[in-house]
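First comes the structure, then the notes that go with it.
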Amino acid sequence: MEETKRCPYCGEEILAIAKKCKHCGEWLEEKAEQKKEKTMIDCPICGEAVEEGTEVCPYCNERIGGAASQPVAAAALTTEKQKKPWLKLTPLRLVAIAVVCGLVSIGIHSINSDSEVAEEASTGTSYVAHAKAVKERAIAINELSHLILEDYYFNWRMAINSRKGYNKHSQKVKCKDFDEAVNWRISYYMTEGVITKMSNWVDEIATHLRAMSGAPAEYASLEGKFTDIYAKAGEAVRLCESPNGNVGEFGSHTQQLYSELGTLVSATDVLIDNCESEGRSLFQSALTSDIRSYFTSRDK
């Protein structure tokens, strides 16, 4: 029996002495004038490119003999060789990919967790800042409105007892009745701008309250108290703009209002820092020199 071999081009069995494959028509011996470009074949086991005729793959160490593979031009070898390793998902590569994916997942989770913590901390800090601003303005309104309402009460009683009162220029003069005496003082504080300032503070409190919506859980119990603070502060300013009732009722109302607003503000000290000094500083800044002079001379 004649010795055979496999065609390196098509893999079919041919005679060992054949110079041309009877199956694919390829020449098995190169002629000088027909010298072909060196070709490579793909290892059928690992897919790496190896020289044509290689018996044992240098990459996977498997015997490949004359197995048929698609020729690869030497010029294209570099590009193909760069692509193929990533296409071949060996067990080792699968493990490596799983590890990388796990690490990325852990990293993303850590970043998200850090972001959530930072957001919660930021929300808490923002809430406290707004809460302090509300308390400062409420304290200032309470002190300033009490000063004004006490002055109304003082002039009201003076007008009843002596038909005298302090006019809008802070001069002690005769008056026809207590309405005139009180209206003088309303006009005075309007001119000095302090009632407008208090009204602006009430608007600012409303703005801060809106920013405080969705309070962190640890401050949820304070929401009702801050709403009541806003209501009482608004009531105090409205009473400065338009006092009502008889002199006895008015005096009792103003004292009660001062006490209630102060109590509400103090009740929030358990979770929000005491803002007494900041509030009184804001109150002092609202007093004009004329108001200071008036009370100094009136109380002598």
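How things are named: the first chain in the structure tokens is A, the next is B, and so on; residues count from 1 in each chain; ligands count from 1 in the order shown.
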Give me, as a tab-separated table, each residue of segment 37-61 of chain A that comes within 10 Å of segment 9-32 of chain A, together with its shortest interatomic pair and the distance in Å at one decimal, counting only C-alpha atoms, with rows ordered by chain and rising residue number.
```
residue	atom	partner	partner_atom	distance
A:Ile41	CA	A:Tyr9	CA	9.5
A:Glu52	CA	A:Tyr9	CA	9.0
A:Gly53	CA	A:Tyr9	CA	9.8
```
* Contacts of Ala267 of chain A at 12 Å or less, counting only C-alpha atoms, minus same-chain residues fewer than 2 places along, as a list in words? ->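 My reading of the contact set: Lys135, Ser221, Leu222, Glu223, Gly224, Lys225, Phe226, Asp228, Ile229, Glu260, Leu261, Gly262, Thr263, Leu264, Val265, Asp269, Val270, Leu271, Ile272, Asp273, Asn274 and Cys275 of chain A.
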What would the file look like if the residues just selected were written as an mmCIF file, in the first residue's frame with C-alpha atoms?
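New file result-v2.cif:
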```cif
data_model
loop_
_atom_site.group_PDB
_atom_site.id
_atom_site.type_symbol
_atom_site.label_atom_id
_atom_site.label_comp_id
_atom_site.auth_asym_id
_atom_site.auth_seq_id
_atom_site.Cartn_x
_atom_site.Cartn_y
_atom_site.Cartn_z
ATOM 1 C CA LYS A 135 -35.697 80.529 65.702
ATOM 2 C CA SER A 221 -41.164 65.710 66.026
ATOM 3 C CA LEU A 222 -40.307 69.418 65.625
ATOM 4 C CA GLU A 223 -42.290 70.089 62.455
ATOM 5 C CA GLY A 224 -45.491 70.950 64.324
ATOM 6 C CA LYS A 225 -43.645 73.246 66.712
ATOM 7 C CA PHE A 226 -42.047 75.250 63.908
ATOM 8 C CA ASP A 228 -46.874 76.971 65.490
ATOM 9 C CA ILE A 229 -43.919 79.341 65.835
ATOM 10 C CA GLU A 260 -46.528 81.326 74.159
ATOM 11 C CA LEU A 261 -44.114 82.272 71.385
ATOM 12 C CA GLY A 262 -41.166 82.165 73.769
ATOM 13 C CA THR A 263 -42.209 78.752 75.062
ATOM 14 C CA LEU A 264 -42.572 77.342 71.546
ATOM 15 C CA VAL A 265 -39.110 78.525 70.564
ATOM 16 C CA ASP A 269 -33.832 73.681 72.062
ATOM 17 C CA VAL A 270 -33.849 69.957 72.819
ATOM 18 C CA LEU A 271 -32.788 69.167 69.222
ATOM 19 C CA ILE A 272 -31.780 72.551 67.755
ATOM 20 C CA ASP A 273 -29.210 74.759 69.463
ATOM 21 C CA ASN A 274 -30.482 77.615 71.593
ATOM 22 C CA CYS A 275 -30.495 80.764 69.447
#
```
For Asp290 of chain A, please output as a PDB file with all heavy atoms, in the first residue's frame all residues within 12 Å (counting only C-alpha atoms; exclusion window: fewer than 2 positions along the same chain).
```
ATOM      1  N   LYS A 168     -46.837 110.741  67.208  1.00  0.00           N
ATOM      2  CA  LYS A 168     -45.972 110.057  66.247  1.00  0.00           C
ATOM      3  C   LYS A 168     -44.566 110.632  66.187  1.00  0.00           C
ATOM      4  O   LYS A 168     -43.693 110.063  65.522  1.00  0.00           O
ATOM      5  CB  LYS A 168     -46.611 110.084  64.856  1.00  0.00           C
ATOM      6  CG  LYS A 168     -46.835 111.475  64.294  1.00  0.00           C
ATOM      7  CD  LYS A 168     -47.546 111.391  62.950  1.00  0.00           C
ATOM      8  CE  LYS A 168     -47.804 112.764  62.364  1.00  0.00           C
ATOM      9  NZ  LYS A 168     -48.504 112.678  61.066  1.00  0.00           N
ATOM     10  N   HIS A 169     -44.358 111.748  66.919  1.00  0.00           N
ATOM     11  CA  HIS A 169     -43.010 112.320  67.009  1.00  0.00           C
ATOM     12  C   HIS A 169     -42.405 112.037  68.385  1.00  0.00           C
ATOM     13  O   HIS A 169     -41.386 112.629  68.742  1.00  0.00           O
ATOM     14  CB  HIS A 169     -43.066 113.837  66.775  1.00  0.00           C
ATOM     15  CG  HIS A 169     -43.658 114.205  65.451  1.00  0.00           C
ATOM     16  ND1 HIS A 169     -43.075 113.875  64.250  1.00  0.00           N
ATOM     17  CD2 HIS A 169     -44.817 114.879  65.144  1.00  0.00           C
ATOM     18  CE1 HIS A 169     -43.829 114.320  63.255  1.00  0.00           C
ATOM     19  NE2 HIS A 169     -44.886 114.932  63.768  1.00  0.00           N
ATOM     20  N   SER A 170     -43.071 111.152  69.121  1.00  0.00           N
ATOM     21  CA  SER A 170     -42.646 110.762  70.468  1.00  0.00           C
ATOM     22  C   SER A 170     -42.667 111.927  71.446  1.00  0.00           C
ATOM     23  O   SER A 170     -41.864 111.994  72.388  1.00  0.00           O
ATOM     24  CB  SER A 170     -41.238 110.139  70.425  1.00  0.00           C
ATOM     25  OG  SER A 170     -41.281 108.923  69.699  1.00  0.00           O
ATOM     26  N   GLN A 171     -43.616 112.852  71.208  1.00  0.00           N
ATOM     27  CA  GLN A 171     -43.797 113.981  72.129  1.00  0.00           C
ATOM     28  C   GLN A 171     -45.049 113.733  72.973  1.00  0.00           C
ATOM     29  O   GLN A 171     -46.081 113.294  72.447  1.00  0.00           O
ATOM     30  CB  GLN A 171     -43.964 115.289  71.341  1.00  0.00           C
ATOM     31  CG  GLN A 171     -42.769 115.622  70.470  1.00  0.00           C
ATOM     32  CD  GLN A 171     -43.073 116.727  69.469  1.00  0.00           C
ATOM     33  OE1 GLN A 171     -44.226 116.907  69.047  1.00  0.00           O
ATOM     34  NE2 GLN A 171     -42.035 117.466  69.087  1.00  0.00           N
ATOM     35  N   TYR A 188     -45.941 105.880  64.315  1.00  0.00           N
ATOM     36  CA  TYR A 188     -44.531 106.054  64.667  1.00  0.00           C
ATOM     37  C   TYR A 188     -43.713 104.820  64.287  1.00  0.00           C
ATOM     38  O   TYR A 188     -42.673 104.933  63.628  1.00  0.00           O
ATOM     39  CB  TYR A 188     -44.418 106.325  66.172  1.00  0.00           C
ATOM     40  CG  TYR A 188     -42.990 106.317  66.685  1.00  0.00           C
ATOM     41  CD1 TYR A 188     -42.128 107.380  66.417  1.00  0.00           C
ATOM     42  CD2 TYR A 188     -42.504 105.236  67.425  1.00  0.00           C
ATOM     43  CE1 TYR A 188     -40.812 107.365  66.880  1.00  0.00           C
ATOM     44  CE2 TYR A 188     -41.193 105.212  67.890  1.00  0.00           C
ATOM     45  CZ  TYR A 188     -40.360 106.280  67.611  1.00  0.00           C
ATOM     46  OH  TYR A 188     -39.058 106.282  68.064  1.00  0.00           O
ATOM     47  N   TYR A 189     -44.156 103.651  64.668  1.00  0.00           N
ATOM     48  CA  TYR A 189     -43.393 102.431  64.386  1.00  0.00           C
ATOM     49  C   TYR A 189     -43.404 102.066  62.893  1.00  0.00           C
ATOM     50  O   TYR A 189     -42.451 101.453  62.401  1.00  0.00           O
ATOM     51  CB  TYR A 189     -43.920 101.275  65.233  1.00  0.00           C
ATOM     52  CG  TYR A 189     -43.595 101.437  66.701  1.00  0.00           C
ATOM     53  CD1 TYR A 189     -44.600 101.657  67.641  1.00  0.00           C
ATOM     54  CD2 TYR A 189     -42.276 101.419  67.138  1.00  0.00           C
ATOM     55  CE1 TYR A 189     -44.299 101.835  68.980  1.00  0.00           C
ATOM     56  CE2 TYR A 189     -41.967 101.600  68.484  1.00  0.00           C
ATOM     57  CZ  TYR A 189     -42.975 101.809  69.401  1.00  0.00           C
ATOM     58  OH  TYR A 189     -42.673 102.000  70.727  1.00  0.00           O
ATOM     59  N   THR A 191     -43.345 104.416  60.592  1.00  0.00           N
ATOM     60  CA  THR A 191     -42.362 105.356  60.048  1.00  0.00           C
ATOM     61  C   THR A 191     -40.933 104.888  60.324  1.00  0.00           C
ATOM     62  O   THR A 191     -40.049 105.002  59.468  1.00  0.00           O
ATOM     63  CB  THR A 191     -42.562 106.756  60.651  1.00  0.00           C
ATOM     64  OG1 THR A 191     -43.888 107.216  60.352  1.00  0.00           O
ATOM     65  CG2 THR A 191     -41.545 107.745  60.098  1.00  0.00           C
ATOM     66  N   GLU A 192     -40.707 104.332  61.504  1.00  0.00           N
ATOM     67  CA  GLU A 192     -39.377 103.839  61.871  1.00  0.00           C
ATOM     68  C   GLU A 192     -39.021 102.548  61.116  1.00  0.00           C
ATOM     69  O   GLU A 192     -37.868 102.135  61.093  1.00  0.00           O
ATOM     70  CB  GLU A 192     -39.301 103.590  63.373  1.00  0.00           C
ATOM     71  CG  GLU A 192     -39.320 104.854  64.222  1.00  0.00           C
ATOM     72  CD  GLU A 192     -38.128 105.755  63.951  1.00  0.00           C
ATOM     73  OE1 GLU A 192     -36.985 105.251  63.969  1.00  0.00           O
ATOM     74  OE2 GLU A 192     -38.335 106.966  63.710  1.00  0.00           O
ATOM     75  N   GLY A 193     -40.017 101.932  60.495  1.00  0.00           N
ATOM     76  CA  GLY A 193     -39.760 100.756  59.651  1.00  0.00           C
ATOM     77  C   GLY A 193     -39.674  99.426  60.383  1.00  0.00           C
ATOM     78  O   GLY A 193     -39.423  98.385  59.757  1.00  0.00           O
ATOM     79  N   VAL A 194     -39.922  99.412  61.706  1.00  0.00           N
ATOM     80  CA  VAL A 194     -39.752  98.169  62.443  1.00  0.00           C
ATOM     81  C   VAL A 194     -40.902  97.183  62.215  1.00  0.00           C
ATOM     82  O   VAL A 194     -40.700  95.962  62.248  1.00  0.00           O
ATOM     83  CB  VAL A 194     -39.576  98.438  63.959  1.00  0.00           C
ATOM     84  CG1 VAL A 194     -38.238  99.104  64.222  1.00  0.00           C
ATOM     85  CG2 VAL A 194     -40.717  99.273  64.503  1.00  0.00           C
ATOM     86  N   ALA A 286     -32.568  95.937  64.950  1.00  0.00           N
ATOM     87  CA  ALA A 286     -33.766  96.557  64.363  1.00  0.00           C
ATOM     88  C   ALA A 286     -34.160  97.850  65.073  1.00  0.00           C
ATOM     89  O   ALA A 286     -34.936  98.650  64.535  1.00  0.00           O
ATOM     90  CB  ALA A 286     -34.930  95.569  64.409  1.00  0.00           C
ATOM     91  N   LEU A 287     -33.655  98.064  66.271  1.00  0.00           N
ATOM     92  CA  LEU A 287     -34.001  99.269  67.032  1.00  0.00           C
ATOM     93  C   LEU A 287     -33.246 100.477  66.485  1.00  0.00           C
ATOM     94  O   LEU A 287     -32.015 100.493  66.458  1.00  0.00           O
ATOM     95  CB  LEU A 287     -33.665  99.076  68.509  1.00  0.00           C
ATOM     96  CG  LEU A 287     -34.421  97.972  69.256  1.00  0.00           C
ATOM     97  CD1 LEU A 287     -33.937  97.876  70.697  1.00  0.00           C
ATOM     98  CD2 LEU A 287     -35.924  98.209  69.208  1.00  0.00           C
ATOM     99  N   THR A 288     -33.987 101.458  66.066  1.00  0.00           N
ATOM    100  CA  THR A 288     -33.350 102.682  65.574  1.00  0.00           C
ATOM    101  C   THR A 288     -32.906 103.526  66.769  1.00  0.00           C
ATOM    102  O   THR A 288     -33.349 103.335  67.911  1.00  0.00           O
ATOM    103  CB  THR A 288     -34.326 103.492  64.712  1.00  0.00           C
ATOM    104  OG1 THR A 288     -35.423 103.937  65.545  1.00  0.00           O
ATOM    105  CG2 THR A 288     -34.868 102.654  63.566  1.00  0.00           C
ATOM    106  N   ARG A 292     -34.633 104.029  70.651  1.00  0.00           N
ATOM    107  CA  ARG A 292     -33.860 103.906  71.890  1.00  0.00           C
ATOM    108  C   ARG A 292     -34.003 105.182  72.726  1.00  0.00           C
ATOM    109  O   ARG A 292     -34.187 105.122  73.964  1.00  0.00           O
ATOM    110  CB  ARG A 292     -32.387 103.644  71.564  1.00  0.00           C
ATOM    111  CG  ARG A 292     -32.129 102.307  70.872  1.00  0.00           C
ATOM    112  CD  ARG A 292     -30.646 102.161  70.523  1.00  0.00           C
ATOM    113  NE  ARG A 292     -30.406 101.001  69.692  1.00  0.00           N
ATOM    114  CZ  ARG A 292     -30.233  99.768  70.146  1.00  0.00           C
ATOM    115  NH1 ARG A 292     -30.281  99.549  71.457  1.00  0.00           N
ATOM    116  NH2 ARG A 292     -30.008  98.755  69.326  1.00  0.00           N
ATOM    117  N   SER A 293     -33.924 106.312  72.054  1.00  0.00           N
ATOM    118  CA  SER A 293     -34.041 107.594  72.759  1.00  0.00           C
ATOM    119  C   SER A 293     -35.432 107.769  73.362  1.00  0.00           C
ATOM    120  O   SER A 293     -35.578 108.270  74.487  1.00  0.00           O
ATOM    121  CB  SER A 293     -33.753 108.756  71.798  1.00  0.00           C
ATOM    122  OG  SER A 293     -32.439 108.687  71.311  1.00  0.00           O
ATOM    123  N   TYR A 294     -36.436 107.331  72.618  1.00  0.00           N
ATOM    124  CA  TYR A 294     -37.822 107.448  73.090  1.00  0.00           C
ATOM    125  C   TYR A 294     -38.032 106.677  74.387  1.00  0.00           C
ATOM    126  O   TYR A 294     -38.567 107.209  75.372  1.00  0.00           O
ATOM    127  CB  TYR A 294     -38.791 106.958  72.022  1.00  0.00           C
ATOM    128  CG  TYR A 294     -40.176 106.657  72.552  1.00  0.00           C
ATOM    129  CD1 TYR A 294     -41.016 107.691  72.979  1.00  0.00           C
ATOM    130  CD2 TYR A 294     -40.633 105.338  72.642  1.00  0.00           C
ATOM    131  CE1 TYR A 294     -42.288 107.410  73.482  1.00  0.00           C
ATOM    132  CE2 TYR A 294     -41.895 105.063  73.140  1.00  0.00           C
ATOM    133  CZ  TYR A 294     -42.718 106.093  73.563  1.00  0.00           C
ATOM    134  OH  TYR A 294     -43.972 105.823  74.070  1.00  0.00           O
ATOM    135  N   PHE A 295     -37.605 105.436  74.421  1.00  0.00           N
ATOM    136  CA  PHE A 295     -37.825 104.622  75.612  1.00  0.00           C
ATOM    137  C   PHE A 295     -36.980 105.097  76.784  1.00  0.00           C
ATOM    138  O   PHE A 295     -37.401 105.007  77.949  1.00  0.00           O
ATOM    139  CB  PHE A 295     -37.547 103.142  75.314  1.00  0.00           C
ATOM    140  CG  PHE A 295     -38.709 102.433  74.685  1.00  0.00           C
ATOM    141  CD1 PHE A 295     -38.794 102.255  73.322  1.00  0.00           C
ATOM    142  CD2 PHE A 295     -39.760 101.985  75.477  1.00  0.00           C
ATOM    143  CE1 PHE A 295     -39.889 101.620  72.753  1.00  0.00           C
ATOM    144  CE2 PHE A 295     -40.859 101.350  74.919  1.00  0.00           C
ATOM    145  CZ  PHE A 295     -40.919 101.165  73.549  1.00  0.00           C
ATOM    146  N   THR A 296     -35.802 105.637  76.476  1.00  0.00           N
ATOM    147  CA  THR A 296     -34.966 106.159  77.559  1.00  0.00           C
ATOM    148  C   THR A 296     -35.651 107.341  78.228  1.00  0.00           C
ATOM    149  O   THR A 296     -35.697 107.454  79.467  1.00  0.00           O
ATOM    150  CB  THR A 296     -33.603 106.593  77.004  1.00  0.00           C
ATOM    151  OG1 THR A 296     -32.938 105.475  76.431  1.00  0.00           O
ATOM    152  CG2 THR A 296     -32.739 107.178  78.105  1.00  0.00           C
ATOM    153  N   SER A 297     -36.213 108.250  77.425  1.00  0.00           N
ATOM    154  CA  SER A 297     -36.864 109.435  77.968  1.00  0.00           C
ATOM    155  C   SER A 297     -38.226 109.116  78.570  1.00  0.00           C
ATOM    156  O   SER A 297     -38.627 109.674  79.587  1.00  0.00           O
ATOM    157  CB  SER A 297     -37.016 110.517  76.883  1.00  0.00           C
ATOM    158  OG  SER A 297     -37.836 110.020  75.834  1.00  0.00           O
ATOM    159  N   ARG A 298     -38.937 108.165  77.968  1.00  0.00           N
ATOM    160  CA  ARG A 298     -40.272 107.828  78.463  1.00  0.00           C
ATOM    161  C   ARG A 298     -40.234 107.172  79.834  1.00  0.00           C
ATOM    162  O   ARG A 298     -41.117 107.392  80.675  1.00  0.00           O
ATOM    163  CB  ARG A 298     -40.954 106.862  77.476  1.00  0.00           C
ATOM    164  CG  ARG A 298     -42.446 106.688  77.692  1.00  0.00           C
ATOM    165  CD  ARG A 298     -42.961 105.387  77.123  1.00  0.00           C
ATOM    166  NE  ARG A 298     -42.581 104.233  77.976  1.00  0.00           N
ATOM    167  CZ  ARG A 298     -43.054 103.004  77.792  1.00  0.00           C
ATOM    168  NH1 ARG A 298     -43.874 102.749  76.773  1.00  0.00           N
ATOM    169  NH2 ARG A 298     -42.669 102.039  78.591  1.00  0.00           N
TER     170      ARG A 298
END
```
* State, in Å with one decimal place, the distance from atom CA of Tyr219 of chain A to atom CA of Arg280 of chain A. =>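 Distance reported for this atom pair: 24.5 Å.
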* Asked: How many Å lie between atom CA of Ser145 of chain A and atom CA of Leu239 of chain A, rounded to one decimal?
  ->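 Going from atom CA of Ser145 of chain A over to atom CA of Leu239 of chain A, I get 8.4 Å.
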* Computed interatomic separation between atom CA of Asn61 of chain A and atom CA of Met40 of chain A (Å) ->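 Separation of atom CA of Asn61 of chain A and atom CA of Met40 of chain A: 17.0 Å.
For segment 106-240 of chain A, backbone-based DSSP assignment of strand (DSSP E or B) covers A:Lys164, A:Gly165, A:Tyr166, A:Lys172, A:Val173, A:Lys174.
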How would the residues just chosen look if you wrote them out with all heavy atoms as a CSV table (one decimal), in the first residue's frame?
```
chain,number,residue,atom,x,y,z
A,164,LYS,N,-53.7,112.1,77.8
A,164,LYS,CA,-52.4,112.4,77.2
A,164,LYS,C,-51.8,111.2,76.6
A,164,LYS,O,-52.1,110.1,77.0
A,164,LYS,CB,-51.4,113.0,78.2
A,164,LYS,CG,-51.8,114.4,78.7
A,164,LYS,CD,-50.8,115.0,79.6
A,164,LYS,CE,-51.1,116.4,80.1
A,164,LYS,NZ,-50.1,117.0,81.0
A,165,GLY,N,-50.8,111.4,75.7
A,165,GLY,CA,-50.1,110.3,75.1
A,165,GLY,C,-49.0,110.7,74.3
A,165,GLY,O,-48.8,112.0,74.0
A,166,TYR,N,-48.1,109.8,73.8
A,166,TYR,CA,-47.0,110.2,73.0
A,166,TYR,C,-47.4,110.1,71.5
A,166,TYR,O,-47.9,109.1,71.1
A,166,TYR,CB,-45.8,109.2,73.3
A,166,TYR,CG,-45.1,109.5,74.6
A,166,TYR,CD1,-45.5,108.8,75.7
A,166,TYR,CD2,-44.1,110.4,74.7
A,166,TYR,CE1,-44.9,109.1,77.0
A,166,TYR,CE2,-43.4,110.7,75.9
A,166,TYR,CZ,-43.9,110.0,77.0
A,166,TYR,OH,-43.3,110.3,78.2
A,172,LYS,N,-44.9,114.0,74.2
A,172,LYS,CA,-46.1,113.8,75.1
A,172,LYS,C,-47.0,115.0,75.0
A,172,LYS,O,-46.7,116.1,75.4
A,172,LYS,CB,-45.6,113.6,76.6
A,172,LYS,CG,-46.7,113.2,77.5
A,172,LYS,CD,-46.0,113.0,78.9
A,172,LYS,CE,-47.1,112.5,79.9
A,172,LYS,NZ,-46.5,112.2,81.3
A,173,VAL,N,-48.2,114.7,74.5
A,173,VAL,CA,-49.2,115.8,74.2
A,173,VAL,C,-50.6,115.3,74.7
A,173,VAL,O,-50.8,114.1,74.9
A,173,VAL,CB,-49.2,116.2,72.8
A,173,VAL,CG1,-47.9,116.8,72.4
A,173,VAL,CG2,-49.6,115.0,71.9
A,174,LYS,N,-51.5,116.3,74.7
A,174,LYS,CA,-52.9,115.9,75.0
A,174,LYS,C,-53.5,115.2,73.8
A,174,LYS,O,-53.2,115.4,72.6
A,174,LYS,CB,-53.7,117.2,75.3
A,174,LYS,CG,-53.4,117.8,76.6
A,174,LYS,CD,-54.4,118.9,76.9
A,174,LYS,CE,-54.2,119.5,78.3
A,174,LYS,NZ,-54.6,118.5,79.3
```
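Residue nearest Gly279 of chain A within the list A:Val247, A:Val56, A:Ala133, A:Cys43: A:Ala133 [criterion: smallest interatomic distance, only C-alpha atoms].
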* Which of A:Asn167, A:Ser187, A:Ser242, A:Asn142 sits closest to Leu282 of chain A [using only C-alpha atoms] -> A:Asn142
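Of the residues under consideration (A:Asp151, A:Glu241, A:Glu51, A:Asp177), A:Asp177 shows the shortest atom-to-atom contact distance to Arg163 of chain A when counting only C-alpha atoms.
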